[in-house]
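Heads up, model.cif below (mmCIF, C-alpha atoms):
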data_query
loop_
_atom_site.label_atom_id
_atom_site.label_comp_id
_atom_site.auth_asym_id
_atom_site.auth_seq_id
_atom_site.Cartn_x
_atom_site.Cartn_y
_atom_site.Cartn_z
CA HIS A 289 2.33 19.02 12.86
CA ALA A 290 4.05 21.73 10.84
CA CYS A 291 7.16 19.55 10.40
CA GLU A 292 5.10 16.63 9.12
CA LYS A 293 3.02 18.67 6.68
CA ALA A 294 6.15 20.22 5.15
CA ALA A 295 7.86 16.81 5.15
CA ALA A 296 10.60 18.64 7.04
CA TRP A 297 12.26 15.55 8.42
CA LYS A 298 15.50 17.22 9.53
CA PRO A 299 13.75 19.72 11.85
CA ALA A 300 11.68 16.83 13.15
CA LEU A 301 14.85 14.88 13.99
CA GLN A 302 16.34 17.95 15.64
CA LEU A 303 13.23 18.34 17.75
CA LEU A 304 13.52 14.70 18.84
CA GLU A 305 17.17 15.20 19.80
CA GLU A 306 16.27 18.26 21.88
CA MET A 307 13.59 16.25 23.66
CA GLY A 308 16.20 13.61 24.46
CA GLN A 309 18.59 16.20 25.87
CA ASP A 310 15.82 17.43 28.16
CA GLY A 311 15.23 13.89 29.38
CA ALA A 312 11.81 13.63 27.72
CA ARG A 313 10.85 10.36 26.05
CA PRO A 314 8.90 10.66 22.78
CA ASP A 315 5.34 9.40 22.95
CA VAL A 316 3.50 7.62 20.16
CA ILE A 317 2.23 10.92 18.71
CA THR A 318 5.76 12.34 18.46
CA ALA A 319 7.06 9.09 16.96
CA SER A 320 4.20 9.07 14.43
CA LEU A 321 4.98 12.63 13.33
CA LEU A 322 8.69 11.86 12.97
CA VAL A 323 8.26 8.63 11.00
CA SER A 324 5.56 10.21 8.83
CA SER A 325 7.66 13.29 8.03
CA CYS A 326 10.64 11.10 7.05
CA GLU A 327 8.44 8.84 4.92
CA LYS A 328 6.84 11.79 3.12
CA ALA A 329 10.31 13.17 2.37
CA SER A 330 11.24 9.78 0.83
CA GLN A 331 13.74 9.20 3.64
CA TRP A 332 12.55 5.66 4.14
CA GLN A 333 15.76 4.43 5.79
CA VAL A 334 15.46 7.10 8.50
CA ALA A 335 11.72 6.44 8.80
CA LEU A 336 12.23 2.70 9.29
CA THR A 337 15.04 3.24 11.81
CA HIS A 338 12.83 5.41 13.99
CA PHE A 339 9.81 3.16 13.54
CA GLN A 340 11.84 0.19 14.78
CA PHE A 341 13.30 2.32 17.57
CA ALA A 342 9.83 3.37 18.70
CA CYS A 343 8.55 -0.22 18.77
CA ALA A 344 11.69 -1.50 20.52
CA GLY A 345 11.26 1.26 23.10
CA GLY A 346 7.95 -0.19 24.17
CA LEU A 347 5.62 2.17 22.35
CA GLN A 348 2.39 0.62 21.10
CA PRO A 349 1.97 1.88 17.50
CA ASP A 350 -1.26 3.69 16.77
CA GLN A 351 -2.91 3.64 13.34
CA LYS A 352 -0.89 6.64 12.13
CA LEU A 353 2.51 5.29 13.19
CA PHE A 354 1.63 1.87 11.77
CA THR A 355 0.63 3.38 8.42
CA ALA A 356 3.79 5.50 8.26
CA GLY A 357 5.93 2.42 8.91
CA LEU A 358 4.14 0.46 6.18
CA SER A 359 4.49 3.37 3.75
CA ALA A 360 8.25 3.48 4.39
CA LEU A 361 8.45 -0.26 3.66
CA ARG A 362 6.46 0.37 0.47
CA GLN A 363 9.00 2.96 -0.66
CA ALA A 364 11.78 0.46 -0.05
CA SER A 365 9.86 -2.37 -1.80
CA LEU A 366 10.39 -4.46 1.34
CA TRP A 367 7.34 -6.61 0.71
CA LYS A 368 8.12 -9.42 3.15
CA GLU A 369 8.61 -6.95 5.97
CA ALA A 370 5.40 -5.15 5.00
CA LEU A 371 3.38 -8.38 5.11
CA ASN A 372 4.96 -9.36 8.43
CA LEU A 373 4.15 -5.96 9.91
CA LEU A 374 0.59 -6.13 8.61
CA SER A 375 0.04 -9.45 10.38
CA TRP A 376 1.66 -8.25 13.61
CA ARG A 377 -0.69 -7.48 16.48
CA GLY A 378 1.09 -5.36 19.06
CA ASN A 379 -2.14 -3.71 20.13
CA GLU A 380 -5.59 -5.28 20.08
CA THR A 381 -7.47 -1.98 20.42
CA TRP A 382 -7.49 -1.39 16.67
CA SER A 383 -6.94 -3.27 13.41
CA PRO A 384 -5.04 -2.16 10.28
CA ASP A 385 -7.40 -0.29 7.96
CA VAL A 386 -7.61 -0.38 4.18
CA ILE A 387 -4.89 2.30 3.90
CA CYS A 388 -2.48 0.02 5.77
CA HIS A 389 -3.41 -2.91 3.55
CA ASN A 390 -3.00 -0.81 0.41
CA ALA A 391 0.50 0.20 1.51
CA ALA A 392 1.38 -3.49 1.90
CA LEU A 393 -0.17 -4.25 -1.51
CA ALA A 394 1.93 -1.47 -3.02
CA ALA A 395 5.10 -2.86 -1.40
CA CYS A 396 4.41 -6.24 -3.01
CA SER A 397 3.55 -4.60 -6.33
CA GLN A 398 6.68 -2.45 -6.46
CA ALA A 399 8.75 -5.56 -5.82
CA SER A 400 6.97 -7.27 -8.77
CA GLN A 401 5.46 -9.85 -6.42
CA TRP A 402 2.19 -10.29 -8.29
CA GLN A 403 1.30 -13.58 -6.57
CA GLN A 404 1.78 -12.06 -3.12
CA THR A 405 -0.25 -9.05 -4.22
CA LEU A 406 -3.11 -11.33 -5.30
CA ASN A 407 -2.86 -13.38 -2.10
CA LEU A 408 -3.28 -10.28 0.07
CA LEU A 409 -6.11 -8.99 -2.10
CA ALA A 410 -7.88 -12.37 -1.83
CA LYS A 411 -7.53 -12.16 1.95
CA MET A 412 -9.18 -8.73 1.88
CA GLN A 413 -11.99 -10.12 -0.30
CA ALA A 414 -12.74 -13.09 1.97
CA GLU A 415 -16.02 -12.58 3.80
CA ASP A 416 -14.86 -14.60 6.82
CA ASP A 417 -11.61 -12.61 7.21
CA PRO A 418 -11.45 -9.58 9.54
CA SER A 419 -9.36 -7.63 7.02
CA PRO A 420 -11.01 -4.53 5.51
CA ARG A 421 -12.69 -4.93 2.15
CA PRO A 422 -10.60 -3.77 -0.83
CA ASP A 423 -11.31 -0.39 -2.42
CA ILE A 424 -10.48 0.89 -5.91
CA VAL A 425 -6.90 1.68 -4.84
CA SER A 426 -6.47 -1.96 -3.81
CA TYR A 427 -7.74 -3.24 -7.16
CA ASN A 428 -5.76 -0.70 -9.18
CA THR A 429 -2.56 -1.69 -7.40
CA ALA A 430 -3.16 -5.38 -8.09
CA ILE A 431 -4.17 -4.81 -11.73
CA SER A 432 -1.10 -2.64 -12.36
CA CYS A 433 1.16 -5.22 -10.73
CA CYS A 434 -0.23 -8.02 -12.92
CA GLN A 435 0.05 -5.80 -15.99
CA ALA A 436 3.72 -5.07 -15.25
CA SER A 437 4.31 -8.81 -14.77
CA ARG A 438 2.62 -9.61 -18.11
CA GLU A 439 -0.20 -11.49 -16.38
CA TRP A 440 -2.99 -10.11 -18.55
CA GLN A 441 -5.47 -12.83 -17.59
CA GLN A 442 -5.12 -11.86 -13.94
CA SER A 443 -5.54 -8.16 -14.73
CA LEU A 444 -8.70 -8.86 -16.69
CA ALA A 445 -10.06 -11.17 -13.98
CA LEU A 446 -9.54 -8.41 -11.39
CA PHE A 447 -11.22 -5.87 -13.66
CA ASN A 448 -14.27 -8.14 -13.91
CA GLU A 449 -14.18 -8.92 -10.19
CA LEU A 450 -14.26 -5.31 -9.04
CA HIS A 451 -17.27 -4.65 -11.27
CA ARG A 452 -18.98 -7.74 -9.92
CA ARG A 453 -18.42 -6.39 -6.42
CA GLN A 454 -19.73 -2.98 -7.56
CA VAL A 455 -16.48 -1.14 -6.84
CA ARG A 456 -16.43 2.02 -8.93
CA SER A 457 -13.60 1.87 -11.50
CA SER A 458 -11.35 4.78 -12.43
CA ILE A 459 -9.36 5.86 -15.47
CA VAL A 460 -6.37 4.12 -13.87
CA THR A 461 -8.35 0.86 -13.76
CA PHE A 462 -9.12 1.01 -17.47
CA ASN A 463 -5.63 2.15 -18.51
CA SER A 464 -3.90 -0.63 -16.60
CA THR A 465 -6.27 -3.34 -17.84
CA ILE A 466 -6.10 -2.12 -21.46
CA HIS A 467 -2.30 -2.01 -21.26
CA ALA A 468 -2.26 -5.54 -19.81
CA CYS A 469 -4.37 -6.85 -22.71
CA TRP A 470 -2.21 -4.96 -25.20
CA ARG A 471 1.00 -6.43 -23.77
CA GLY A 472 -0.63 -9.86 -23.90
CA HIS A 473 -1.42 -9.36 -27.60
CA GLN A 474 -5.13 -9.40 -26.82
CA TRP A 475 -5.87 -6.64 -29.29
CA ALA A 476 -9.63 -7.20 -29.62
CA MET A 477 -10.12 -7.25 -25.86
CA ALA A 478 -8.08 -4.08 -25.46
CA LEU A 479 -10.21 -2.32 -28.07
CA ASP A 480 -13.42 -3.53 -26.39
CA LEU A 481 -12.24 -2.05 -23.10
CA LEU A 482 -11.34 1.19 -24.87
CA ASP A 483 -14.84 1.38 -26.33
CA LEU A 484 -16.30 0.70 -22.88
CA LEU A 485 -14.21 3.52 -21.41
CA ARG A 486 -15.41 5.95 -24.06
CA LYS A 487 -19.02 5.16 -23.20
#
Step by step, read the file and then write its structure as structure tokens.
Amino acid sequence: HACEKAAAWKPALQLLEEMGQDGARPDVITASLLVSSCEKASQWQVALTHFQFACAGGLQPDQKLFTAGLSALRQASLWKEALNLLSWRGNETWSPDVICHNAALAACSQASQWQQTLNLLAKMQAEDDPSPRPDIVSYNTAISCCQASREWQQSLALFNELHRRQVRSSIVTFNSTIHACWRGHQWAMALDLLDLLRK
């Protein structure tokens, strides 16, 4: 765990090589630590390589390995791959949690795929869907994506929706929505939101 916490991906790789020389096959815990340490060190290419290697080797990803793989895809803005991975069911003993879904949302957002971001968020909102319900990180990601894509109406609709669903907003929520209105030349609405934030 020390390698992962320090994001020391090179020592983690060395440890994996030594295991291979001894004839030991990495288990899912070892693979999770390796992929996570590479991802946290922004070495997404290495992280993805070892994630794919682990899955090809017959390992069933646990929640931690799955999340690390999605986070690496997020760093690379590989949104299609992130959505495909999210929908993959290699193991029926658990389901991707909200952290996994937020990583996929972020991958879509970073690739400026605002429609895909909204589609995934809508799936999370659907009462008849097994996906986890969105949290404030989910909404902030979608609002920021729409803001960057100059879709101020969508940003404002999401702002209203999260309050309707009683999700507690943050300073990021207000800043992104205000910026979206500002970029959309909706000066009065931006000022109203600013007044609301100050209250």
**Request:** Tell me, in Å to one decimal, how far CA of Trp475 in chain A is from CA of Gln398 in chain A.
**Result:**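 Those two atoms sit 26.4 Å apart.
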**Message:** One decimal, in Å: what's the spacing between CA of Ala394 in chain A and CA of Trp332 in chain A?
**Reply:**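 Result for CA of Ala394 in chain A versus CA of Trp332 in chain A: 14.7 Å, one decimal.
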**Prompt:** Which polymer residues have any atom within 12 Å of an atom of Thr355 in chain A, counting only C-alpha atoms, with same-chain residues fewer than 2 positions away left out, as a PyMOL selection string?
**Reply:** chain A and resi 320-321+323-324+327-328+335-336+339+349-353+357-362+370+373-374+383-392
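Considering the residues A:Ile431, A:Leu409, A:Ala414, A:Ile317 and counting all atoms listed in the file, Ile466 in chain A has its shortest atom-to-atom contact with A:Ile431.
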Select, counting only C-alpha atoms, all protein, DNA and RNA residues no farther than 10 Å from (-5.5, -3.4, -7.4) in file coordinates, and express the selection as a compact mmCIF listing (two decimals) with C-alpha atoms, keeping the file's coordinate frame.
# COMPACT_ATOMS: atom_id res chain seq x y z
CA ASN A 390 -3.00 -0.81 0.41
CA LEU A 393 -0.17 -4.25 -1.51
CA ALA A 394 1.93 -1.47 -3.02
CA SER A 397 3.55 -4.60 -6.33
CA THR A 405 -0.25 -9.05 -4.22
CA LEU A 406 -3.11 -11.33 -5.30
CA LEU A 409 -6.11 -8.99 -2.10
CA PRO A 422 -10.60 -3.77 -0.83
CA ASP A 423 -11.31 -0.39 -2.42
CA ILE A 424 -10.48 0.89 -5.91
CA VAL A 425 -6.90 1.68 -4.84
CA SER A 426 -6.47 -1.96 -3.81
CA TYR A 427 -7.74 -3.24 -7.16
CA ASN A 428 -5.76 -0.70 -9.18
CA THR A 429 -2.56 -1.69 -7.40
CA ALA A 430 -3.16 -5.38 -8.09
CA ILE A 431 -4.17 -4.81 -11.73
CA SER A 432 -1.10 -2.64 -12.36
CA CYS A 433 1.16 -5.22 -10.73
CA CYS A 434 -0.23 -8.02 -12.92
CA SER A 443 -5.54 -8.16 -14.73
CA LEU A 446 -9.54 -8.41 -11.39
CA PHE A 447 -11.22 -5.87 -13.66
CA LEU A 450 -14.26 -5.31 -9.04
CA VAL A 460 -6.37 4.12 -13.87
CA THR A 461 -8.35 0.86 -13.76
CA SER A 464 -3.90 -0.63 -16.60
**Message:** Using Å and a single decimal, report how far CA of Gln474 in chain A sits from CA of Gln442 in chain A.
**Reply:**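 Distance reported for this atom pair: 13.1 Å.
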**Message:** as an MDAnalysis selection string, please: the residues near Lys411 in chain A (cut-off 10 Å, only C-alpha atoms, same-chain neighbours under 6 positions excluded).
**Reply:** chainID A and resid 417:422
**Prompt:** Quick one: of A:Phe354, A:Val334, A:Ala344, A:Ile459, who's nearest to Trp382 in chain A, counting only C-alpha atoms?
**Reply:**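 Of the candidates, the smallest distance to Trp382 in chain A is held by A:Phe354.
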**Request:** Evaluate the PyMOL selection byres ((chain A and resi 480-487) around 9) on the structure here and hand back the selected residues as a PyMOL selection string.
**Result:** chain A and resi 459+462-463+465-466+475-479
**Request:** Check the smallest atom-to-atom distance from each of A:Gln331, A:Leu408, A:Ala342, A:Gly472 to Lys368 in chain A using all atoms listed in the file, then report the winner.
**Result:** A:Leu408
